[in-house]
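Engineer: Got a file for you: start.cif, mmCIF, C-alpha atoms.
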```cif
data_entry
#
loop_
_atom_site.group_PDB
_atom_site.id
_atom_site.type_symbol
_atom_site.label_atom_id
_atom_site.label_comp_id
_atom_site.auth_asym_id
_atom_site.auth_seq_id
_atom_site.Cartn_x
_atom_site.Cartn_y
_atom_site.Cartn_z
ATOM 1 C CA MET N 30 102.289 80.916 96.899
ATOM 2 C CA HIS N 31 102.792 83.760 94.446
ATOM 3 C CA ARG N 32 102.595 87.153 96.127
ATOM 4 C CA GLU N 33 101.873 90.282 94.131
ATOM 5 C CA SER N 34 102.747 93.948 94.134
ATOM 6 C CA LYS N 35 99.762 96.225 94.668
ATOM 7 C CA TRP N 36 99.995 99.888 93.735
ATOM 8 C CA ILE N 37 97.482 102.290 95.290
ATOM 9 C CA ILE N 38 97.383 105.535 93.300
ATOM 10 C CA ALA N 39 94.592 107.801 94.537
ATOM 11 C CA GLU N 40 93.658 111.319 95.593
ATOM 12 C CA ASN N 41 92.534 109.899 98.946
ATOM 13 C CA PHE N 42 92.856 106.425 100.383
ATOM 14 C CA LYS N 43 92.460 104.560 103.659
ATOM 15 C CA ILE N 44 94.193 101.312 104.577
ATOM 16 C CA LYS N 45 92.588 99.332 107.400
ATOM 17 C CA SER N 46 92.771 95.692 108.451
ATOM 18 C CA ARG N 47 90.199 93.028 109.181
ATOM 19 C CA SER N 48 90.725 89.304 109.804
ATOM 20 C CA ARG N 49 94.262 89.140 108.358
ATOM 21 C CA ARG N 50 93.105 91.131 105.345
ATOM 22 C CA PHE N 51 93.759 94.676 104.214
ATOM 23 C CA LEU N 52 90.654 96.778 103.699
ATOM 24 C CA ILE N 53 91.489 99.364 101.045
ATOM 25 C CA GLU N 54 89.180 102.343 100.593
ATOM 26 C CA ILE N 55 89.614 104.655 97.616
ATOM 27 C CA ASP N 56 86.956 107.370 97.435
ATOM 28 C CA GLU N 57 83.691 105.399 97.525
ATOM 29 C CA ASP N 58 85.228 102.096 96.454
ATOM 30 C CA ARG N 59 86.275 99.355 98.860
ATOM 31 C CA ALA N 60 88.302 96.218 98.314
ATOM 32 C CA GLU N 61 89.651 93.508 100.573
ATOM 33 C CA VAL N 62 92.781 91.493 99.911
ATOM 34 C CA ALA N 63 94.472 88.846 102.041
ATOM 35 C CA ALA N 64 97.743 90.184 103.450
ATOM 36 C CA ARG N 65 99.503 86.886 102.719
ATOM 37 C CA LYS N 66 98.865 87.464 98.991
ATOM 38 C CA ILE N 67 100.679 90.814 98.945
ATOM 39 C CA ASP N 68 104.432 91.133 98.608
ATOM 40 C CA LEU N 69 104.666 94.902 98.184
ATOM 41 C CA LEU N 70 102.151 97.663 98.847
ATOM 42 C CA VAL N 71 102.981 100.956 97.126
ATOM 43 C CA LEU N 72 101.012 104.040 98.165
ATOM 44 C CA TYR N 73 100.761 107.321 96.250
ATOM 45 C CA GLY N 74 98.442 110.178 97.215
ATOM 46 C CA ASP N 75 96.873 111.514 100.400
ATOM 47 C CA GLY N 76 95.636 108.992 102.906
ATOM 48 C CA TRP N 77 96.079 107.258 106.204
ATOM 49 C CA ILE N 78 96.934 103.807 107.470
ATOM 50 C CA THR N 79 95.666 102.406 110.747
ATOM 51 C CA SER N 80 98.119 101.070 113.320
ATOM 52 C CA GLU N 81 96.403 97.680 112.961
ATOM 53 C CA ALA N 82 97.140 97.679 109.207
ATOM 54 C CA LEU N 83 100.779 98.555 109.874
ATOM 55 C CA ALA N 84 101.012 95.748 112.429
ATOM 56 C CA LEU N 85 99.478 93.316 109.938
ATOM 57 C CA ALA N 86 102.035 94.341 107.310
ATOM 58 C CA VAL N 87 104.870 93.550 109.715
ATOM 59 C CA GLU N 88 103.335 90.254 110.842
ATOM 60 C CA GLU N 89 102.754 89.066 107.260
ATOM 61 C CA ALA N 90 106.077 90.460 105.964
ATOM 62 C CA VAL N 91 104.388 92.875 103.556
ATOM 63 C CA ASN N 92 106.776 95.621 102.523
ATOM 64 C CA MET N 93 105.095 99.008 102.334
ATOM 65 C CA VAL N 94 106.486 101.946 100.339
ATOM 66 C CA ILE N 95 104.996 105.445 100.332
ATOM 67 C CA ILE N 96 105.842 107.632 97.343
ATOM 68 C CA GLY N 97 106.324 111.333 98.008
ATOM 69 C CA ASP N 98 109.215 113.669 97.304
ATOM 70 C CA GLU N 99 111.306 110.755 98.572
ATOM 71 C CA LEU N 100 110.476 107.112 99.239
ATOM 72 C CA ILE N 101 109.385 106.179 102.758
ATOM 73 C CA TRP N 102 109.203 102.524 103.652
ATOM 74 C CA LEU N 103 108.246 100.155 106.422
ATOM 75 C CA GLU N 104 111.068 97.789 107.377
ATOM 76 C CA GLY N 105 109.563 94.725 108.980
ATOM 77 C CA LYS N 106 112.692 92.811 109.949
ATOM 78 C CA PRO N 107 115.799 93.948 111.879
ATOM 79 C CA TYR N 108 119.301 93.018 110.698
ATOM 80 C CA ARG N 109 120.797 90.149 112.669
ATOM 81 C CA ASP N 110 123.926 89.265 110.719
ATOM 82 C CA VAL N 111 126.397 91.908 111.899
ATOM 83 C CA GLU N 112 129.282 90.557 109.784
ATOM 84 C CA TYR N 113 127.109 90.582 106.650
ATOM 85 C CA LEU N 114 125.900 94.116 107.354
ATOM 86 C CA THR N 115 129.481 95.323 107.918
ATOM 87 C CA ALA N 116 130.622 93.682 104.663
ATOM 88 C CA GLN N 117 128.143 95.818 102.766
ATOM 89 C CA TYR N 118 130.287 98.825 103.624
ATOM 90 C CA ASP N 119 133.524 97.286 102.296
ATOM 91 C CA TRP N 120 134.766 99.838 99.766
ATOM 92 C CA LEU N 121 136.624 97.267 97.620
ATOM 93 C CA ASN N 122 133.392 95.292 97.159
ATOM 94 C CA ILE N 123 131.380 98.428 96.530
ATOM 95 C CA SER N 124 133.805 99.858 93.945
ATOM 96 C CA GLU N 125 133.998 96.691 91.824
ATOM 97 C CA VAL N 126 130.260 96.021 91.948
ATOM 98 C CA SER N 127 129.424 99.665 91.225
ATOM 99 C CA HIS N 128 131.444 99.618 88.006
ATOM 100 C CA LYS N 129 129.600 96.468 86.916
ATOM 101 C CA ILE N 130 126.202 98.004 87.679
ATOM 102 C CA LEU N 131 127.122 101.111 85.683
ATOM 103 C CA ASN N 132 128.516 99.026 82.809
ATOM 104 C CA THR N 133 125.252 97.077 82.710
ATOM 105 C CA TYR N 134 123.314 100.349 82.627
ATOM 106 C CA ILE N 135 125.527 101.732 79.846
ATOM 107 C CA ARG N 136 125.385 98.584 77.698
ATOM 108 C CA SER N 137 121.638 98.076 78.229
ATOM 109 C CA ALA N 138 120.824 101.738 77.530
ATOM 110 C CA GLY N 139 123.027 101.679 74.437
ATOM 111 C CA TYR N 140 121.253 98.548 73.214
ATOM 112 C CA PHE N 141 117.849 100.166 73.773
ATOM 113 C CA LEU N 142 118.800 103.301 71.838
ATOM 114 C CA ARG N 143 120.044 101.192 68.918
ATOM 115 C CA LYS N 144 117.054 98.824 68.967
ATOM 116 C CA ARG N 145 114.635 101.747 68.931
ATOM 117 C CA ARG N 146 116.728 103.416 66.197
ATOM 118 C CA ILE N 147 117.118 106.474 68.388
ATOM 119 C CA ALA N 148 120.921 106.612 68.186
ATOM 120 C CA ASN N 149 123.766 104.279 67.292
ATOM 121 C CA LEU N 150 126.108 105.175 70.130
ATOM 122 C CA ASN N 151 129.511 103.642 70.711
ATOM 123 C CA VAL N 152 129.496 103.319 74.483
ATOM 124 C CA LYS N 153 132.990 101.846 74.776
ATOM 125 C CA HIS N 154 134.471 105.164 75.900
ATOM 126 C CA LEU N 155 131.988 105.262 78.809
ATOM 127 C CA ILE N 156 132.762 101.680 79.845
ATOM 128 C CA GLU N 157 136.464 102.485 79.928
ATOM 129 C CA VAL N 158 136.168 105.403 82.387
ATOM 130 C CA LYS N 159 138.084 104.336 85.518
ATOM 131 C CA ASN N 160 136.829 106.878 88.037
ATOM 132 C CA LEU N 161 133.474 105.720 89.403
ATOM 133 C CA GLU N 162 131.913 109.152 89.994
ATOM 134 C CA GLU N 163 133.068 110.396 86.589
ATOM 135 C CA LYS N 164 131.669 107.280 84.884
ATOM 136 C CA TYR N 165 128.325 107.821 86.624
ATOM 137 C CA ARG N 166 128.095 111.511 85.707
ATOM 138 C CA ARG N 167 129.235 111.139 82.089
ATOM 139 C CA SER N 168 127.053 108.124 81.316
ATOM 140 C CA ARG N 169 123.967 109.785 82.809
ATOM 141 C CA GLU N 170 124.592 113.077 81.020
ATOM 142 C CA ILE N 171 125.143 111.493 77.602
ATOM 143 C CA LEU N 172 122.619 108.641 77.610
ATOM 144 C CA GLU N 173 119.801 110.522 79.335
ATOM 145 C CA LYS N 174 120.169 113.520 77.024
ATOM 146 C CA VAL N 175 119.972 111.360 73.899
ATOM 147 C CA PHE N 176 116.828 109.668 75.148
ATOM 148 C CA ALA N 177 115.192 112.863 76.446
ATOM 149 C CA ASP N 178 115.797 114.737 73.175
ATOM 150 C CA TYR N 179 114.089 111.928 71.267
ATOM 151 C CA ALA N 180 111.197 111.425 73.713
ATOM 152 C CA LYS N 181 110.333 115.121 73.769
ATOM 153 C CA LYS N 182 109.685 114.939 70.036
ATOM 154 C CA LYS N 183 107.039 112.313 70.721
ATOM 155 C CA ILE N 184 105.564 113.571 74.002
ATOM 156 C CA LYS N 185 104.900 117.039 75.396
ATOM 157 C CA GLU N 186 107.802 118.169 77.563
ATOM 158 C CA GLU N 187 105.641 118.616 80.677
ATOM 159 C CA VAL N 188 104.133 115.146 80.249
ATOM 160 C CA PHE N 189 107.587 113.663 79.659
ATOM 161 C CA SER N 190 109.138 115.263 82.764
ATOM 162 C CA GLU N 191 106.272 114.447 85.145
ATOM 163 C CA ALA N 192 105.824 110.900 83.854
ATOM 164 C CA LEU N 193 109.544 110.151 84.011
ATOM 165 C CA ILE N 194 109.797 111.222 87.665
ATOM 166 C CA PHE N 195 106.657 109.286 88.598
ATOM 167 C CA LEU N 196 107.749 106.099 86.853
ATOM 168 C CA GLU N 197 111.235 106.387 88.351
ATOM 169 C CA LYS N 198 109.727 106.288 91.826
ATOM 170 C CA LEU N 199 107.552 103.282 91.033
ATOM 171 C CA LEU N 200 110.535 101.382 89.640
ATOM 172 C CA ASP N 201 112.605 102.453 92.658
ATOM 173 C CA ALA N 202 109.893 101.049 94.937
ATOM 174 C CA GLU N 203 110.093 97.650 93.227
ATOM 175 C CA VAL N 204 113.892 97.590 93.507
ATOM 176 C CA LEU N 205 113.671 98.721 97.133
ATOM 177 C CA ASN N 206 111.349 95.802 97.846
ATOM 178 C CA ALA N 207 113.905 93.404 96.342
ATOM 179 C CA ILE N 208 116.646 94.976 98.471
ATOM 180 C CA LEU N 209 114.621 94.504 101.660
ATOM 181 C CA ARG N 210 113.802 90.905 100.685
ATOM 182 C CA ALA N 211 117.489 90.151 100.099
ATOM 183 C CA GLY N 212 118.437 91.485 103.525
ATOM 184 C CA LEU N 213 120.540 94.330 102.158
ATOM 185 C CA THR N 214 120.361 97.684 103.870
ATOM 186 C CA PRO N 215 118.594 100.259 101.667
ATOM 187 C CA HIS N 216 120.558 102.996 103.418
ATOM 188 C CA LEU N 217 123.678 102.173 101.397
ATOM 189 C CA SER N 218 124.910 104.574 98.742
ATOM 190 C CA PHE N 219 127.522 103.333 96.251
ATOM 191 C CA VAL N 220 127.989 106.514 94.215
ATOM 192 C CA GLU N 221 127.679 110.072 95.497
ATOM 193 C CA ASP N 222 124.395 110.313 97.447
ATOM 194 C CA ILE N 223 122.368 108.095 95.098
ATOM 195 C CA PRO N 224 120.183 105.642 97.095
ATOM 196 C CA LEU N 225 121.059 102.014 96.436
ATOM 197 C CA TYR N 226 117.613 101.272 94.991
ATOM 198 C CA SER N 227 117.905 104.123 92.461
ATOM 199 C CA PHE N 228 121.404 103.012 91.521
ATOM 200 C CA ILE N 229 120.420 99.386 90.845
ATOM 201 C CA ALA N 230 117.318 100.569 88.951
ATOM 202 C CA LEU N 231 119.663 102.119 86.371
ATOM 203 C CA GLU N 232 120.302 98.638 84.979
ATOM 204 C CA PHE N 233 116.661 98.341 83.892
ATOM 205 C CA ARG N 234 116.185 101.935 82.798
ATOM 206 C CA GLY N 235 116.052 101.147 79.074
ATOM 207 C CA PRO N 236 113.666 98.179 78.836
ATOM 208 C CA LEU N 237 111.433 99.270 81.708
ATOM 209 C CA LEU N 238 111.523 103.023 82.260
ATOM 210 C CA TRP N 239 112.354 104.380 78.800
ATOM 211 C CA GLU N 240 110.103 101.876 77.043
ATOM 212 C CA SER N 241 107.217 102.834 79.351
ATOM 213 C CA VAL N 242 107.793 106.547 78.739
ATOM 214 C CA LEU N 243 107.674 106.125 74.964
ATOM 215 C CA ARG N 244 104.420 104.173 75.175
ATOM 216 C CA ILE N 245 102.770 107.138 76.904
ATOM 217 C CA GLU N 246 102.436 108.691 73.433
ATOM 218 C CA GLU N 247 99.591 106.229 72.775
ATOM 219 C CA LEU N 248 97.615 107.525 75.794
ATOM 220 C CA HIS N 249 97.268 111.130 74.503
ATOM 221 C CA ILE N 250 97.709 112.541 78.031
ATOM 222 C CA GLU N 251 97.227 116.278 78.524
ATOM 223 C CA ASN N 252 97.502 116.611 82.310
ATOM 224 C CA PRO N 253 100.246 114.389 83.763
ATOM 225 C CA LYS N 254 99.235 115.304 87.336
ATOM 226 C CA ASN N 255 95.712 113.953 87.004
ATOM 227 C CA ILE N 256 95.266 110.818 89.134
ATOM 228 C CA GLU N 257 93.428 108.899 86.435
ATOM 229 C CA ASP N 258 96.196 109.657 83.955
ATOM 230 C CA LEU N 259 98.851 108.691 86.501
ATOM 231 C CA ARG N 260 97.133 105.331 86.921
ATOM 232 C CA ARG N 261 97.202 104.813 83.157
ATOM 233 C CA ILE N 262 100.896 105.739 83.082
ATOM 234 C CA ALA N 263 101.639 103.388 85.986
ATOM 235 C CA GLU N 264 99.808 100.539 84.256
ATOM 236 C CA ILE N 265 102.303 100.644 81.391
ATOM 237 C CA LEU N 266 105.221 100.026 83.747
ATOM 238 C CA LYS N 267 103.302 97.410 85.711
ATOM 239 C CA ILE N 268 102.647 95.434 82.534
ATOM 240 C CA ARG N 269 106.314 95.732 81.554
ATOM 241 C CA LEU N 270 107.409 94.459 84.968
ATOM 242 C CA SER N 271 105.173 91.413 84.579
ATOM 243 C CA GLY N 272 106.390 90.710 81.054
ATOM 244 C CA LEU N 273 109.102 88.172 80.276
ATOM 245 C CA VAL N 274 112.699 89.265 79.797
ATOM 246 C CA PRO N 275 113.757 88.377 76.224
ATOM 247 C CA GLY N 276 115.847 85.219 76.346
ATOM 248 C CA TYR N 277 114.692 84.272 79.853
ATOM 249 C CA LYS N 278 111.690 82.426 81.257
ATOM 250 C CA ARG N 279 111.144 84.991 83.970
ATOM 251 C CA SER N 280 109.532 88.392 84.348
ATOM 252 C CA TYR N 281 111.411 91.656 84.723
ATOM 253 C CA ARG N 282 110.198 91.798 88.327
ATOM 254 C CA GLU N 283 111.782 88.413 88.999
ATOM 255 C CA ALA N 284 114.929 89.499 87.136
ATOM 256 C CA ILE N 285 115.225 92.485 89.488
ATOM 257 C CA ARG N 286 114.928 90.192 92.505
ATOM 258 C CA ARG N 287 117.550 87.802 91.187
ATOM 259 C CA ARG N 288 119.854 90.686 90.392
ATOM 260 C CA VAL N 289 119.613 92.017 93.933
ATOM 261 C CA LYS N 290 120.115 88.518 95.351
ATOM 262 C CA ALA N 291 123.276 88.240 93.247
ATOM 263 C CA LEU N 292 124.448 91.520 94.747
ATOM 264 C CA ALA N 293 123.708 90.243 98.246
ATOM 265 C CA SER N 294 125.691 87.049 97.577
ATOM 266 C CA VAL N 295 128.788 89.124 96.748
ATOM 267 C CA PHE N 296 128.717 90.580 100.246
ATOM 268 C CA ARG N 297 128.061 87.194 101.849
ATOM 269 C CA ASN N 298 130.681 85.283 99.880
ATOM 270 C CA PRO N 299 134.022 86.843 98.828
ATOM 271 C CA LEU N 300 134.320 84.250 96.024
ATOM 272 C CA ALA N 301 130.997 85.227 94.437
ATOM 273 C CA SER N 302 130.967 87.642 91.508
ATOM 274 C CA TYR N 303 128.487 90.126 90.107
ATOM 275 C CA VAL N 304 128.229 89.567 86.360
ATOM 276 C CA GLU N 305 127.592 92.354 83.854
ATOM 277 C CA LYS N 306 124.449 91.964 81.727
ATOM 278 C CA VAL N 307 122.685 93.565 78.788
ATOM 279 C CA TRP N 308 118.977 93.866 79.587
ATOM 280 C CA LYS N 309 116.905 93.859 76.416
#
```
Show this structure as structure tokens.
Structural biologist:
Amino acid sequence: MHRESKWIIAENFKIKSRSRRFLIEIDEDRAEVAARKIDLLVLYGDGWITSEALALAVEEAVNMVIIGDELIWLEGKPYRDVEYLTAQYDWLNISEVSHKILNTYIRSAGYFLRKRRIANLNVKHLIEVKNLEEKYRRSREILEKVFADYAKKKIKEEVFSEALIFLEKLLDAEVLNAILRAGLTPHLSFVEDIPLYSFIALEFRGPLLWESVLRIEELHIENPKNIEDLRRIAEILKIRLSGLVPGYKRSYREAIRRRVKALASVFRNPLASYVEKVWK
């Protein structure tokens, strides 16, 4: 059965449970949804969750992520494979995979900037950087600046900054869910102190995050902190996640899951490899 991601974005919310179902209250509105139909529950705003609802989430393997200054999540399953967990901290594995994740980010971001006619960058010099931390810093500084300079011509700077941070957290939540599903520990950090979910999300920054940010121009948003406007902003990313990846018969959400599974297989099997991609 297909299980969905449900994002709750509200000033105030309550999450209760009744008969294996979540009872979701937002202001005066109420909705019930079967727990077995939910894969990920993302919560943003002020609210509370009953202990019964938390227990139901664990029993039905529903991952729950709360968005605040940082992400807080409910881990329903303990790690049992000690050898697999230890392998995730093997520096040789981490270094090789990290370069491939960054190269995918660089190539995909470069493709996006060319496709959108924002800039025709030659990213070869970034790919060739050998030091991992230097590659991360230089690629972020160059690529993000090019995109930000362009986006701020289309969208008010305050709207751009607030929307970018908000959408980053939503995308991080989806990647975090994939990490938990794959049995990886989300407490890993491959580069500097960047959480693993934020690092992997870099791969999809162009087609998901940047594309969503540019489409905000159509919404004519004045107050990016207004809950109704945040819902409209979130809907853009949600639609993108459900859309098909060009050249593949799968959604971006499924592509994220497969990508994380591929990462997990590298740690399980020394002969497995993590292949660089260009996400379009």
Engineer: Using all atoms listed in the file, which residues sit within 12 Å of Asp68 of chain N once same-chain residues fewer than 4 positions away are excluded, as a PyMOL selection string?
Structural biologist: chain N and resi 30-36+62-64+86-87+89-94+202-203+206-207+209-210+282
Engineer: What gap, in Å, lies between atom CA of Ala291 of chain N and atom CA of Lys306 of chain N?
Structural biologist: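 One can read the atom CA of Ala291 of chain N to atom CA of Lys306 of chain N distance as 12.2 Å.
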Engineer: Compare N:Leu199, N:Leu103, N:Leu270, N:Ile184 by their minimum atom-to-atom distance to Leu243 of chain N, counting all atoms listed in the file, and give me the closest one.
Structural biologist: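 Looking at the shortest contact to Leu243 of chain N, the residue is N:Ile184.
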Engineer: List the spatial neighbours of Ser218 of chain N as an MDAnalysis selection string - criterion: any atom at most 10 Å away, all atoms listed in the file, same-chain residues fewer than 6 positions off excluded.
Structural biologist: chainID N and resid 118 123 224:228
Engineer: Within 6 Å of (119.2, 94.5, 82.5), in the coordinates the file gives, what residues turn up when you count all atoms listed in the file, written out as a ChimeraX atom specification?
Structural biologist: /N:232-233,306-308
Engineer: Spell out the residues picked by the PyMOL selection byres ((chain N and resi 82) around 7) here, as a tab-separated table (two decimals) with C-alpha atoms, in the coordinates of the input.
Structural biologist:
```
chain	number	residue	atom	x	y	z
N	44	ILE	CA	94.19	101.31	104.58
N	45	LYS	CA	92.59	99.33	107.40
N	46	SER	CA	92.77	95.69	108.45
N	51	PHE	CA	93.76	94.68	104.21
N	78	ILE	CA	96.93	103.81	107.47
N	79	THR	CA	95.67	102.41	110.75
N	80	SER	CA	98.12	101.07	113.32
N	81	GLU	CA	96.40	97.68	112.96
N	83	LEU	CA	100.78	98.56	109.87
N	84	ALA	CA	101.01	95.75	112.43
N	85	LEU	CA	99.48	93.32	109.94
N	86	ALA	CA	102.04	94.34	107.31
```
Engineer: Measuring atom to atom with only C-alpha atoms, identify which of N:Arg169, N:Arg65, N:Arg244, N:Arg288 is nearest to Gly139 of chain N.
Structural biologist: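 For Gly139 of chain N, the nearest of the given residues is N:Arg169.
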Engineer: I need the residue nearest Leu69 of chain N from this list: N:Ser137, N:Glu54, N:Lys144, N:Leu205. Use only C-alpha atoms for the distance.
Structural biologist: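 Among the listed residues, N:Leu205 lies closest to Leu69 of chain N.
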Engineer: What is the atom CA of Val220 of chain N to atom CA of Glu170 of chain N distance in Å?
Structural biologist: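 Going from atom CA of Val220 of chain N over to atom CA of Glu170 of chain N covers 15.1 Å.
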Engineer: Between atom CA of Glu104 of chain N and atom CA of Glu125 of chain N, what is the distance, to one decimal in Å?
Structural biologist: 27.7 Å
Engineer: Where does the PyMOL selection byres ((chain N and resi 256-268) around 8) land in this file, that is, which residues does it pick, as a short mmCIF file (atom, residue, chain, number, x, y, z; two decimals) with C-alpha atoms, in the coordinates of the input?
Structural biologist:
```
data_model
loop_
_atom_site.label_atom_id
_atom_site.label_comp_id
_atom_site.auth_asym_id
_atom_site.auth_seq_id
_atom_site.Cartn_x
_atom_site.Cartn_y
_atom_site.Cartn_z
CA ILE N 38 97.38 105.54 93.30
CA ALA N 39 94.59 107.80 94.54
CA GLU N 40 93.66 111.32 95.59
CA ALA N 192 105.82 110.90 83.85
CA LEU N 196 107.75 106.10 86.85
CA LEU N 199 107.55 103.28 91.03
CA LEU N 237 111.43 99.27 81.71
CA LEU N 238 111.52 103.02 82.26
CA SER N 241 107.22 102.83 79.35
CA ARG N 244 104.42 104.17 75.18
CA ILE N 245 102.77 107.14 76.90
CA LEU N 248 97.62 107.52 75.79
CA ILE N 250 97.71 112.54 78.03
CA ASN N 252 97.50 116.61 82.31
CA PRO N 253 100.25 114.39 83.76
CA LYS N 254 99.24 115.30 87.34
CA ASN N 255 95.71 113.95 87.00
CA ARG N 269 106.31 95.73 81.55
CA LEU N 270 107.41 94.46 84.97
CA SER N 271 105.17 91.41 84.58
CA GLY N 272 106.39 90.71 81.05
#
```
Engineer: Got a sec: who's within 8 Å of Ser168 of chain N, counting only C-alpha atoms, leaving out chain neighbours fewer than 5 positions off, as number ranges by chain?
Structural biologist: N: 135, 155, 173
